[in-house]
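Everything on this sheet refers to the single structure shown next.
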There are 2 protein chains.
Amino acid sequence: MSARAGIVVTGTEVLTGRVLDRNGGWLSERLRELGIDHAHTVVVGDRPEDMRAALEWLASEGMYLVVTSGGPGPTEDDMTAEVVAGFAGRAVVLDEELEGRIAKILERLTKRWPNLDMDAIRAGNRKQAMIAEGATILEPVGTAPGLVVPPAEGREGQPTVVILPGPPRELQGMWPAALETESFRAATGGRTEYRQVMLRMFGIPESEIAETLRIARGDGVDLDAMEITTCLRRGEVELVTRFEPSVEATYDAFERVVRERHADTLFSDDGTTVDEQVARMLTESDRTIATAESCTGGLIAGRLTELAGSSSYVLGGLVVYSNEAKSALAGVDAALIERVGAVSTEVAEALAAGARERLGADVGVGITGIAGPGGGTEDKPVGTVCFSVTDGTRTMTRRQHLPGSRAEVRDRSTTLAMHMIRRVLLGESD
Amino acid sequence: MSARAGIVVTGTEVLTGRVLDRNGGWLSERLRELGIDHAHTVVVGDRPEDMRAALEWLASEGMYLVVTSGGPGPTEDDMTAEVVAGFAGRAVVLDEELEGRIAKILERLTKRWPNLDMDAIRAGNRKQAMIAEGATILEPVGTAPGLVVPPAEGREGQPTVVILPGPPRELQGMWPAALETESFRAATGGRTEYRQVMLRMFGIPESEIAETLRIARGDGVDLDAMEITTCLRRGEVELVTRFEPSVEATYDAFERVVRERHADTLFSDDGTTVDEQVARMLTESDRTIATAESCTGGLIAGRLTELAGSSSYVLGGLVVYSNEAKSALAGVDAALIERVGAVSTEVAEALAAGARERLGADVGVGITGIAGPGGGTEDKPVGTVCFSVTDGTRTMTRRQHLPGSRAEVRDRSTTLAMHMIRRVLLGESD
């Protein structure tokens, strides 16, 4: 029987969507990697009774472990430590040594703020050093400490609670220390190891995967022995399968069916993203890239420079929102724009060629389109986007009609462009 | 007594963080606006028993209404309708008229995909038309319908469940129809209206707000009569207060304390973002803007073009990652780069001036920095970013050291630049 865990994400700003939660999913993946079954993440606001109710529920569902994110900060609405202490049947005490260590961190950090209210700092500091008696302290990665809080005597059977800070960088940095505590190990003994494979496809609707599942089932593949999820993300379909090592042959049979049906759209079987593949191909072949974009307004350049090390292959880009900029910066013939319109495959090709030449790059990318909500016509409705990628010899050009809002059209355009770049780098062309 | 509601977000891809949930928060805000108390969002994967457990818990907590997002799609792992029907004590039946309406939508949509497996489409179609008997259908915005499912006879007291699709655009488009159903109204009668005010500040740490709360309390402001949350988002501090109209005077007293202590950093009291303020100021003063950015790689241009209508004031931008591009495109003197280094306030100023001149814009923005993880030196550690904004007369230049990962440094840089643009547009300068 495998260990079970729940996650509680705290913060009214997360509950109400002002901040998107990046911790619940990250923790879930880490728990799965450890072979710990994770079924529920509860998001609660800054009301102590709501957090307590979530803890009680997860306990009643038989969890061995609960991980919380957010709350151990300096402000008054950060109440996690107190609520968890109450739940575990432990008193809240001030740890003076911890208070001293946090004070030292704050001293260093607050140098860059002029005129700070040091009373505020010290009060917040003291609050962060209030811990559940008998808990194991996880040293701060930022300024807030974490805690591993096992149930007090007489409450055996209740879950151990790991309290982690809200900022993803701090939470992720603190996780390894949490795993090494004795309480964590005691709570999560007896685990099954799982294997997980992710297949990524681009250029098919999700319903095609549903049909592939039906076909595999028809071929006698025991899909119920595995946990299969599909998900449409930024225009790509992700197919993730988790299984125990004992059913590896079943998985292999399933993957064969997928590969057969989706050979043309399957682009990743090792977890790599198209961004990572493009980065690797550019680096390995020692080629450089430059962009000229209109409707995406810098987002494809932004995406190409997302990965560390991108300065070795991204030379730069042109954001040519106005027609004048298209001509002046990217060298697009004003007469061409006049004749075929700014949103056209011809202008996309001229932008790709212009980016390549003006920046002296090996590969040029051109994008022009109508992201909306205004600006659409009958011929070129909102969502019409033209793309071109060229390495001087090979050129690939596309006109697409993308669904969704302005933000979705722009984001989807960057994914489509990344896949076209990938294919040109692989030597394909129109 | 106010109506209470819970939210269940479904999908293993959300539970495990491959997709960030954008629905729970959106729904939470909508419920609050209606005066419905929302305390818990439960995220569950694609296991029916996990979803059922979440529904049972929310029922046991006394919810009148549960809203679910995700699941009514065509793939096998979409099991929401079936689980909710079981929970409500209703049979699952095929609605043939709905099947016909979905078929028509699919016919139109699938035209753009060549060589589709039409059997797959039809099977998915039929699955989406399986509904809980007696439920109210919410017509598809995309291809998936929604449902409002009241408890069956004999289960009165259980919550009514509103099933909505996962894609945010479809969920948001369907929400108004859900509100108008009789079952929704019946489940959410007797509500208290709330007021909510958001104050946004830039340039102070969150701990300062904690101190402001203490001072307000010391002044006799009854903070416990209101729900106050603070949150640090993209470098800005958001202070959100919700209160019943009867305690408006208490809120006013609180806001006075905040305004007094944070006059210099408070930039929004009407919910507007700095992006919206910059857009409004550029539009109203009929001025144009252009960018030249290095470490942010197009993200500030991308952010400036995020809002609809930005084509009237964004002329374009230069992404000048390499030193050669800085000189060739933005006209930065190569000797200057040689002398003071690419990451310097001098080069930031030259970039701002270059962007302005090359694109013929009224306002120019220059950014150059070290986003990391590599490239830092003792003098200029990772996170060092130089900014300059100029309108030709007024210039504002800053050198900052920003904490965090590569992605955080880049994102934080765009926020800092937006605030500098705002201040220059307001007529400030160094």
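FYI, nothing fancy with the structure tokens labels: chains A, B, ... in order, residues from 1 per chain, ligands from 1 as they appear.
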
Could you write out, as a PyMOL selection string, all the residues of range 129-292 of chain B that DSSP marks as helix (DSSP H, G or I)? chain B and resi 168-179+182-187+207-218+223-225+245-261+274-284

Each chain A residue no farther than 6 Å from chain B, nearest pair in Å, only C-alpha atoms, as CSV:
```
residue,atom,partner,partner_atom,distance
A:Leu15,CA,B:Gly25,CA,5.5
A:Thr16,CA,B:Gly25,CA,4.0
A:Gly17,CA,B:Gly25,CA,3.4
A:Gly25,CA,B:Gly17,CA,3.4
A:Trp26,CA,B:Gly17,CA,5.8
A:Ser28,CA,B:Thr16,CA,5.2
A:Glu29,CA,B:Thr16,CA,5.5
A:His40,CA,B:Val44,CA,5.1
A:Thr41,CA,B:Val43,CA,4.9
A:Val42,CA,B:Val42,CA,4.4
A:Val43,CA,B:Thr41,CA,4.9
A:Val44,CA,B:His40,CA,5.1
A:Thr75,CA,B:Ala210,CA,4.9
A:Ala120,CA,B:Glu211,CA,4.9
A:Ala210,CA,B:Thr75,CA,5.0
A:Glu211,CA,B:Ala120,CA,4.9
A:Gly297,CA,B:Gly302,CA,4.8
A:Gly298,CA,B:Gly298,CA,4.2
A:Leu299,CA,B:Gly302,CA,5.2
A:Ala301,CA,B:Gly298,CA,5.4
A:Gly302,CA,B:Gly298,CA,4.7
A:Thr305,CA,B:Gly297,CA,5.9
A:Leu315,CA,B:Ser322,CA,5.3
A:Gly316,CA,B:Val320,CA,4.7
A:Gly317,CA,B:Val319,CA,4.5
A:Leu318,CA,B:Leu318,CA,4.9
A:Val319,CA,B:Gly317,CA,4.5
A:Val320,CA,B:Gly316,CA,4.7
A:Tyr321,CA,B:Gly316,CA,4.9
A:Ser322,CA,B:Leu315,CA,5.3
```

Resulting file, chosen residues, N, CA and C atoms, as a PDB file, in the first residue's frame:
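Once everything was written out, this is again.pdb:
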```pdb
ATOM      1  N   LEU A  15      -6.639  31.904  -3.761  1.00  0.00           N
ATOM      2  CA  LEU A  15      -8.030  31.441  -3.838  1.00  0.00           C
ATOM      3  C   LEU A  15      -8.823  32.269  -4.835  1.00  0.00           C
ATOM      4  N   THR A  16      -8.558  33.575  -4.855  1.00  0.00           N
ATOM      5  CA  THR A  16      -9.345  34.459  -5.711  1.00  0.00           C
ATOM      6  C   THR A  16      -8.667  34.727  -7.044  1.00  0.00           C
ATOM      7  N   GLY A  17      -7.561  34.054  -7.305  1.00  0.00           N
ATOM      8  CA  GLY A  17      -6.976  34.105  -8.637  1.00  0.00           C
ATOM      9  C   GLY A  17      -6.140  35.326  -8.946  1.00  0.00           C
ATOM     10  N   GLY A  25       0.966  22.160  -8.056  1.00  0.00           N
ATOM     11  CA  GLY A  25       1.358  21.249  -9.126  1.00  0.00           C
ATOM     12  C   GLY A  25       2.791  20.770  -8.977  1.00  0.00           C
ATOM     13  N   TRP A  26       3.662  21.689  -8.596  1.00  0.00           N
ATOM     14  CA  TRP A  26       5.069  21.314  -8.429  1.00  0.00           C
ATOM     15  C   TRP A  26       5.215  20.263  -7.320  1.00  0.00           C
ATOM     16  N   SER A  28       2.895  18.268  -6.233  1.00  0.00           N
ATOM     17  CA  SER A  28       2.236  17.035  -6.658  1.00  0.00           C
ATOM     18  C   SER A  28       3.198  16.155  -7.450  1.00  0.00           C
ATOM     19  N   GLU A  29       3.927  16.776  -8.375  1.00  0.00           N
ATOM     20  CA  GLU A  29       4.882  16.013  -9.188  1.00  0.00           C
ATOM     21  C   GLU A  29       5.989  15.422  -8.317  1.00  0.00           C
ATOM     22  N   HIS A  40      -5.619  15.101  -3.761  1.00  0.00           N
ATOM     23  CA  HIS A  40      -6.342  16.360  -3.574  1.00  0.00           C
ATOM     24  C   HIS A  40      -5.429  17.514  -3.187  1.00  0.00           C
ATOM     25  N   THR A  41      -5.616  18.637  -3.842  1.00  0.00           N
ATOM     26  CA  THR A  41      -5.022  19.896  -3.408  1.00  0.00           C
ATOM     27  C   THR A  41      -6.172  20.817  -3.015  1.00  0.00           C
ATOM     28  N   VAL A  42      -6.144  21.327  -1.803  1.00  0.00           N
ATOM     29  CA  VAL A  42      -7.197  22.239  -1.367  1.00  0.00           C
ATOM     30  C   VAL A  42      -6.609  23.654  -1.302  1.00  0.00           C
ATOM     31  N   VAL A  43      -7.281  24.579  -1.969  1.00  0.00           N
ATOM     32  CA  VAL A  43      -6.864  25.976  -1.905  1.00  0.00           C
ATOM     33  C   VAL A  43      -7.755  26.672  -0.892  1.00  0.00           C
ATOM     34  N   VAL A  44      -7.165  27.339   0.097  1.00  0.00           N
ATOM     35  CA  VAL A  44      -7.955  28.056   1.104  1.00  0.00           C
ATOM     36  C   VAL A  44      -7.475  29.486   1.225  1.00  0.00           C
ATOM     37  N   THR A  75       3.298  38.939   7.440  1.00  0.00           N
ATOM     38  CA  THR A  75       2.094  39.754   7.608  1.00  0.00           C
ATOM     39  C   THR A  75       1.054  39.067   8.486  1.00  0.00           C
ATOM     40  N   ALA A 120       8.671  47.486  12.026  1.00  0.00           N
ATOM     41  CA  ALA A 120       7.858  46.570  11.224  1.00  0.00           C
ATOM     42  C   ALA A 120       8.662  45.317  10.911  1.00  0.00           C
ATOM     43  N   ALA A 210      -8.366  10.453 -27.970  1.00  0.00           N
ATOM     44  CA  ALA A 210      -9.464   9.629 -27.459  1.00  0.00           C
ATOM     45  C   ALA A 210      -9.644   8.413 -28.365  1.00  0.00           C
ATOM     46  N   GLU A 211      -9.586   8.635 -29.678  1.00  0.00           N
ATOM     47  CA  GLU A 211      -9.759   7.537 -30.622  1.00  0.00           C
ATOM     48  C   GLU A 211      -8.581   6.564 -30.539  1.00  0.00           C
ATOM     49  N   GLY A 297       4.301  41.101 -31.074  1.00  0.00           N
ATOM     50  CA  GLY A 297       4.866  42.243 -30.340  1.00  0.00           C
ATOM     51  C   GLY A 297       6.076  41.975 -29.468  1.00  0.00           C
ATOM     52  N   GLY A 298       6.905  41.007 -29.800  1.00  0.00           N
ATOM     53  CA  GLY A 298       8.094  40.747 -28.989  1.00  0.00           C
ATOM     54  C   GLY A 298       8.040  39.415 -28.272  1.00  0.00           C
ATOM     55  N   LEU A 299       6.870  38.758 -28.300  1.00  0.00           N
ATOM     56  CA  LEU A 299       6.707  37.536 -27.505  1.00  0.00           C
ATOM     57  C   LEU A 299       7.525  36.374 -28.047  1.00  0.00           C
ATOM     58  N   ALA A 301      10.461  36.671 -29.610  1.00  0.00           N
ATOM     59  CA  ALA A 301      11.834  36.977 -29.158  1.00  0.00           C
ATOM     60  C   ALA A 301      11.949  36.688 -27.667  1.00  0.00           C
ATOM     61  N   GLY A 302      10.937  37.090 -26.911  1.00  0.00           N
ATOM     62  CA  GLY A 302      10.928  36.831 -25.473  1.00  0.00           C
ATOM     63  C   GLY A 302      10.999  35.344 -25.171  1.00  0.00           C
ATOM     64  N   THR A 305      14.428  33.810 -25.891  1.00  0.00           N
ATOM     65  CA  THR A 305      15.474  34.186 -24.927  1.00  0.00           C
ATOM     66  C   THR A 305      15.139  33.731 -23.508  1.00  0.00           C
ATOM     67  N   LEU A 315      20.424  36.609 -31.782  1.00  0.00           N
ATOM     68  CA  LEU A 315      21.122  37.881 -31.997  1.00  0.00           C
ATOM     69  C   LEU A 315      20.238  39.053 -31.619  1.00  0.00           C
ATOM     70  N   GLY A 316      18.952  38.927 -31.876  1.00  0.00           N
ATOM     71  CA  GLY A 316      18.043  40.008 -31.537  1.00  0.00           C
ATOM     72  C   GLY A 316      16.797  39.925 -32.377  1.00  0.00           C
ATOM     73  N   GLY A 317      16.000  40.997 -32.341  1.00  0.00           N
ATOM     74  CA  GLY A 317      14.748  40.956 -33.075  1.00  0.00           C
ATOM     75  C   GLY A 317      14.207  42.341 -33.323  1.00  0.00           C
ATOM     76  N   LEU A 318      13.219  42.387 -34.192  1.00  0.00           N
ATOM     77  CA  LEU A 318      12.569  43.643 -34.525  1.00  0.00           C
ATOM     78  C   LEU A 318      11.093  43.504 -34.196  1.00  0.00           C
ATOM     79  N   VAL A 319      10.571  44.453 -33.436  1.00  0.00           N
ATOM     80  CA  VAL A 319       9.135  44.480 -33.198  1.00  0.00           C
ATOM     81  C   VAL A 319       8.588  45.569 -34.094  1.00  0.00           C
ATOM     82  N   VAL A 320       7.883  45.162 -35.143  1.00  0.00           N
ATOM     83  CA  VAL A 320       7.479  46.128 -36.169  1.00  0.00           C
ATOM     84  C   VAL A 320       5.965  46.212 -36.201  1.00  0.00           C
ATOM     85  N   TYR A 321       5.454  47.005 -35.262  1.00  0.00           N
ATOM     86  CA  TYR A 321       4.009  47.090 -35.101  1.00  0.00           C
ATOM     87  C   TYR A 321       3.409  47.975 -36.200  1.00  0.00           C
ATOM     88  N   SER A 322       4.046  49.091 -36.479  1.00  0.00           N
ATOM     89  CA  SER A 322       3.506  49.983 -37.507  1.00  0.00           C
ATOM     90  C   SER A 322       4.051  49.582 -38.873  1.00  0.00           C
TER      91      SER A 322
END
```

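Atom pair CA of Gly354 in chain B / CA of Leu426 in chain B has a distance of 21.8 Å (rounded to one decimal).
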
Determine the nearest neighbour of Thr283 in chain A from the options A:Gly331, A:His262, A:Leu425, A:Arg339, counting only C-alpha atoms.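 Ranked by minimum distance to Thr283 in chain A, first place goes to A:Leu425.
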
Within range 207-381 of chain A, find each residue whose DSSP state, derived from the backbone, is strand (DSSP E), and express the selection as a PDB file with N, CA and C atoms, in the first residue's frame.
```pdb
ATOM      1  N   GLU A 227      -2.232   4.877 -15.541  1.00  0.00           N
ATOM      2  CA  GLU A 227      -2.948   6.137 -15.377  1.00  0.00           C
ATOM      3  C   GLU A 227      -2.567   7.019 -16.561  1.00  0.00           C
ATOM      4  N   ILE A 228      -3.538   7.245 -17.455  1.00  0.00           N
ATOM      5  CA  ILE A 228      -3.259   7.984 -18.689  1.00  0.00           C
ATOM      6  C   ILE A 228      -4.007   9.303 -18.673  1.00  0.00           C
ATOM      7  N   THR A 229      -3.311  10.395 -18.881  1.00  0.00           N
ATOM      8  CA  THR A 229      -4.007  11.675 -18.984  1.00  0.00           C
ATOM      9  C   THR A 229      -3.559  12.410 -20.243  1.00  0.00           C
ATOM     10  N   THR A 230      -4.512  13.070 -20.880  1.00  0.00           N
ATOM     11  CA  THR A 230      -4.156  13.899 -22.023  1.00  0.00           C
ATOM     12  C   THR A 230      -4.478  15.334 -21.664  1.00  0.00           C
ATOM     13  N   CYS A 231      -3.747  16.231 -22.234  1.00  0.00           N
ATOM     14  CA  CYS A 231      -3.983  17.629 -21.930  1.00  0.00           C
ATOM     15  C   CYS A 231      -3.527  18.493 -23.084  1.00  0.00           C
ATOM     16  N   LEU A 232      -4.346  19.501 -23.385  1.00  0.00           N
ATOM     17  CA  LEU A 232      -4.065  20.425 -24.473  1.00  0.00           C
ATOM     18  C   LEU A 232      -3.415  21.641 -23.848  1.00  0.00           C
ATOM     19  N   ARG A 233      -2.167  21.936 -24.241  1.00  0.00           N
ATOM     20  CA  ARG A 233      -1.475  23.043 -23.587  1.00  0.00           C
ATOM     21  C   ARG A 233      -0.761  23.902 -24.607  1.00  0.00           C
ATOM     22  N   GLU A 236      -0.387  22.417 -27.913  1.00  0.00           N
ATOM     23  CA  GLU A 236       0.194  21.080 -28.038  1.00  0.00           C
ATOM     24  C   GLU A 236      -0.638  20.084 -27.235  1.00  0.00           C
ATOM     25  N   VAL A 237      -0.641  18.820 -27.677  1.00  0.00           N
ATOM     26  CA  VAL A 237      -1.316  17.773 -26.916  1.00  0.00           C
ATOM     27  C   VAL A 237      -0.258  16.998 -26.141  1.00  0.00           C
ATOM     28  N   GLU A 238      -0.452  16.905 -24.825  1.00  0.00           N
ATOM     29  CA  GLU A 238       0.466  16.125 -23.992  1.00  0.00           C
ATOM     30  C   GLU A 238      -0.238  14.857 -23.530  1.00  0.00           C
ATOM     31  N   LEU A 239       0.414  13.741 -23.727  1.00  0.00           N
ATOM     32  CA  LEU A 239      -0.128  12.450 -23.313  1.00  0.00           C
ATOM     33  C   LEU A 239       0.823  11.897 -22.259  1.00  0.00           C
ATOM     34  N   VAL A 240       0.334  11.836 -21.013  1.00  0.00           N
ATOM     35  CA  VAL A 240       1.194  11.391 -19.915  1.00  0.00           C
ATOM     36  C   VAL A 240       0.685  10.070 -19.371  1.00  0.00           C
ATOM     37  N   THR A 241       1.566   9.099 -19.263  1.00  0.00           N
ATOM     38  CA  THR A 241       1.187   7.789 -18.738  1.00  0.00           C
ATOM     39  C   THR A 241       2.059   7.445 -17.539  1.00  0.00           C
ATOM     40  N   ARG A 242       1.395   7.081 -16.434  1.00  0.00           N
ATOM     41  CA  ARG A 242       2.118   6.621 -15.232  1.00  0.00           C
ATOM     42  C   ARG A 242       1.801   5.155 -15.002  1.00  0.00           C
ATOM     43  N   PHE A 243       2.810   4.392 -14.679  1.00  0.00           N
ATOM     44  CA  PHE A 243       2.552   2.952 -14.481  1.00  0.00           C
ATOM     45  C   PHE A 243       3.605   2.351 -13.561  1.00  0.00           C
ATOM     46  N   LEU A 266       4.026  13.621 -33.501  1.00  0.00           N
ATOM     47  CA  LEU A 266       4.771  13.356 -32.258  1.00  0.00           C
ATOM     48  C   LEU A 266       6.149  13.996 -32.372  1.00  0.00           C
ATOM     49  N   PHE A 267       6.429  14.953 -31.490  1.00  0.00           N
ATOM     50  CA  PHE A 267       7.742  15.607 -31.608  1.00  0.00           C
ATOM     51  C   PHE A 267       8.621  15.421 -30.377  1.00  0.00           C
ATOM     52  N   SER A 268       8.071  14.888 -29.295  1.00  0.00           N
ATOM     53  CA  SER A 268       8.893  14.732 -28.091  1.00  0.00           C
ATOM     54  C   SER A 268       8.459  13.510 -27.297  1.00  0.00           C
ATOM     55  N   ILE A 289      19.828  33.101 -34.724  1.00  0.00           N
ATOM     56  CA  ILE A 289      18.446  33.357 -35.116  1.00  0.00           C
ATOM     57  C   ILE A 289      18.058  34.799 -34.808  1.00  0.00           C
ATOM     58  N   ALA A 290      17.162  35.341 -35.592  1.00  0.00           N
ATOM     59  CA  ALA A 290      16.652  36.697 -35.365  1.00  0.00           C
ATOM     60  C   ALA A 290      15.187  36.735 -35.790  1.00  0.00           C
ATOM     61  N   THR A 291      14.427  37.680 -35.233  1.00  0.00           N
ATOM     62  CA  THR A 291      12.985  37.717 -35.454  1.00  0.00           C
ATOM     63  C   THR A 291      12.524  39.090 -35.934  1.00  0.00           C
ATOM     64  N   ALA A 292      11.412  39.088 -36.655  1.00  0.00           N
ATOM     65  CA  ALA A 292      10.724  40.346 -36.974  1.00  0.00           C
ATOM     66  C   ALA A 292       9.247  40.051 -36.805  1.00  0.00           C
ATOM     67  N   GLU A 293       8.630  40.653 -35.813  1.00  0.00           N
ATOM     68  CA  GLU A 293       7.268  40.267 -35.476  1.00  0.00           C
ATOM     69  C   GLU A 293       6.353  41.480 -35.354  1.00  0.00           C
ATOM     70  N   VAL A 314      20.618  33.726 -30.032  1.00  0.00           N
ATOM     71  CA  VAL A 314      19.659  34.780 -30.387  1.00  0.00           C
ATOM     72  C   VAL A 314      20.426  36.088 -30.584  1.00  0.00           C
ATOM     73  N   LEU A 315      20.424  36.609 -31.782  1.00  0.00           N
ATOM     74  CA  LEU A 315      21.122  37.881 -31.997  1.00  0.00           C
ATOM     75  C   LEU A 315      20.238  39.053 -31.619  1.00  0.00           C
ATOM     76  N   GLY A 316      18.952  38.927 -31.876  1.00  0.00           N
ATOM     77  CA  GLY A 316      18.043  40.008 -31.537  1.00  0.00           C
ATOM     78  C   GLY A 316      16.797  39.925 -32.377  1.00  0.00           C
ATOM     79  N   GLY A 317      16.000  40.997 -32.341  1.00  0.00           N
ATOM     80  CA  GLY A 317      14.748  40.956 -33.075  1.00  0.00           C
ATOM     81  C   GLY A 317      14.207  42.341 -33.323  1.00  0.00           C
ATOM     82  N   LEU A 318      13.219  42.387 -34.192  1.00  0.00           N
ATOM     83  CA  LEU A 318      12.569  43.643 -34.525  1.00  0.00           C
ATOM     84  C   LEU A 318      11.093  43.504 -34.196  1.00  0.00           C
ATOM     85  N   VAL A 319      10.571  44.453 -33.436  1.00  0.00           N
ATOM     86  CA  VAL A 319       9.135  44.480 -33.198  1.00  0.00           C
ATOM     87  C   VAL A 319       8.588  45.569 -34.094  1.00  0.00           C
ATOM     88  N   VAL A 320       7.883  45.162 -35.143  1.00  0.00           N
ATOM     89  CA  VAL A 320       7.479  46.128 -36.169  1.00  0.00           C
ATOM     90  C   VAL A 320       5.965  46.212 -36.201  1.00  0.00           C
ATOM     91  N   VAL A 363      19.113  32.172 -39.294  1.00  0.00           N
ATOM     92  CA  VAL A 363      17.690  31.871 -39.434  1.00  0.00           C
ATOM     93  C   VAL A 363      16.873  33.118 -39.123  1.00  0.00           C
ATOM     94  N   GLY A 364      15.891  33.407 -39.962  1.00  0.00           N
ATOM     95  CA  GLY A 364      15.011  34.540 -39.728  1.00  0.00           C
ATOM     96  C   GLY A 364      13.575  34.088 -39.540  1.00  0.00           C
ATOM     97  N   VAL A 365      12.850  34.764 -38.647  1.00  0.00           N
ATOM     98  CA  VAL A 365      11.461  34.418 -38.356  1.00  0.00           C
ATOM     99  C   VAL A 365      10.597  35.661 -38.575  1.00  0.00           C
ATOM    100  N   GLY A 366       9.516  35.539 -39.326  1.00  0.00           N
ATOM    101  CA  GLY A 366       8.609  36.661 -39.556  1.00  0.00           C
ATOM    102  C   GLY A 366       7.185  36.300 -39.163  1.00  0.00           C
ATOM    103  N   ILE A 367       6.526  37.172 -38.422  1.00  0.00           N
ATOM    104  CA  ILE A 367       5.139  36.941 -37.999  1.00  0.00           C
ATOM    105  C   ILE A 367       4.336  38.216 -38.199  1.00  0.00           C
ATOM    106  N   THR A 368       3.178  38.100 -38.813  1.00  0.00           N
ATOM    107  CA  THR A 368       2.281  39.248 -38.945  1.00  0.00           C
ATOM    108  C   THR A 368       0.855  38.725 -38.920  1.00  0.00           C
ATOM    109  N   GLY A 369      -0.013  39.388 -38.157  1.00  0.00           N
ATOM    110  CA  GLY A 369      -1.373  38.867 -38.042  1.00  0.00           C
ATOM    111  C   GLY A 369      -2.297  39.826 -37.327  1.00  0.00           C
TER     112      GLY A 369
END
```

Selection: 10 Å around Arg101 in chain A, only C-alpha atoms, excl. self and same-chain fewer than 2 positions, as a list in words: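 The contact residues come out as Glu96, Glu97, Leu98, Glu99, Ala103, Lys104, Ile105, Leu106, Asn125, Ala129, Glu139, Pro140, Thr143 and Pro145 of chain A.
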
Preceding selection exported with N, CA and C atoms as a short mmCIF file (atom, residue, chain, number, x, y, z; two decimals), in the first residue's frame:
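Result saved to again_26.cif:
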```cif
data_model
loop_
_atom_site.label_atom_id
_atom_site.label_comp_id
_atom_site.auth_asym_id
_atom_site.auth_seq_id
_atom_site.Cartn_x
_atom_site.Cartn_y
_atom_site.Cartn_z
N GLU A 96 14.09 31.54 19.82
CA GLU A 96 14.92 32.75 19.80
C GLU A 96 16.13 32.60 18.89
N GLU A 97 16.67 31.40 18.79
CA GLU A 97 17.82 31.21 17.90
C GLU A 97 17.41 31.43 16.44
N LEU A 98 16.22 30.90 16.10
CA LEU A 98 15.70 31.11 14.74
C LEU A 98 15.48 32.61 14.49
N GLU A 99 14.93 33.27 15.50
CA GLU A 99 14.70 34.72 15.38
C GLU A 99 16.00 35.45 15.05
N ALA A 103 16.93 37.47 11.62
CA ALA A 103 17.33 38.88 11.76
C ALA A 103 18.57 39.16 10.91
N LYS A 104 19.50 38.21 10.91
CA LYS A 104 20.73 38.39 10.13
C LYS A 104 20.42 38.45 8.64
N ILE A 105 19.52 37.59 8.18
CA ILE A 105 19.15 37.59 6.75
C ILE A 105 18.51 38.93 6.40
N LEU A 106 17.63 39.40 7.28
CA LEU A 106 16.90 40.64 7.00
C LEU A 106 17.84 41.84 6.96
N ASN A 125 9.71 39.66 11.79
CA ASN A 125 10.77 38.71 12.10
C ASN A 125 10.35 37.79 13.25
N ALA A 129 9.39 33.55 13.62
CA ALA A 129 10.12 32.63 14.49
C ALA A 129 9.21 31.94 15.50
N GLU A 139 15.53 25.57 7.41
CA GLU A 139 16.16 26.89 7.36
C GLU A 139 15.62 27.73 6.19
N PRO A 140 15.48 29.05 6.39
CA PRO A 140 14.94 29.92 5.34
C PRO A 140 15.79 29.88 4.06
N THR A 143 13.36 34.59 3.50
CA THR A 143 13.41 35.01 4.90
C THR A 143 12.55 34.13 5.80
N PRO A 145 11.14 30.67 7.44
CA PRO A 145 11.52 29.28 7.67
C PRO A 145 10.37 28.35 7.32
#
```

Length of the CA of Ala417 in chain A to CA of Ala335 in chain A vector [Å]: 26.0 Å

Atomic distance CA of Pro165 in chain B - CA of Ala59 in chain B, expressed in Å with one decimal: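 So the answer is 21.5 Å.
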
Show me, as a ChimeraX atom specification, the residues that have an atom within 7 Å of Met130 in chain B when counting only C-alpha atoms, minus same-chain residues fewer than 5 positions from it. /B:92-95
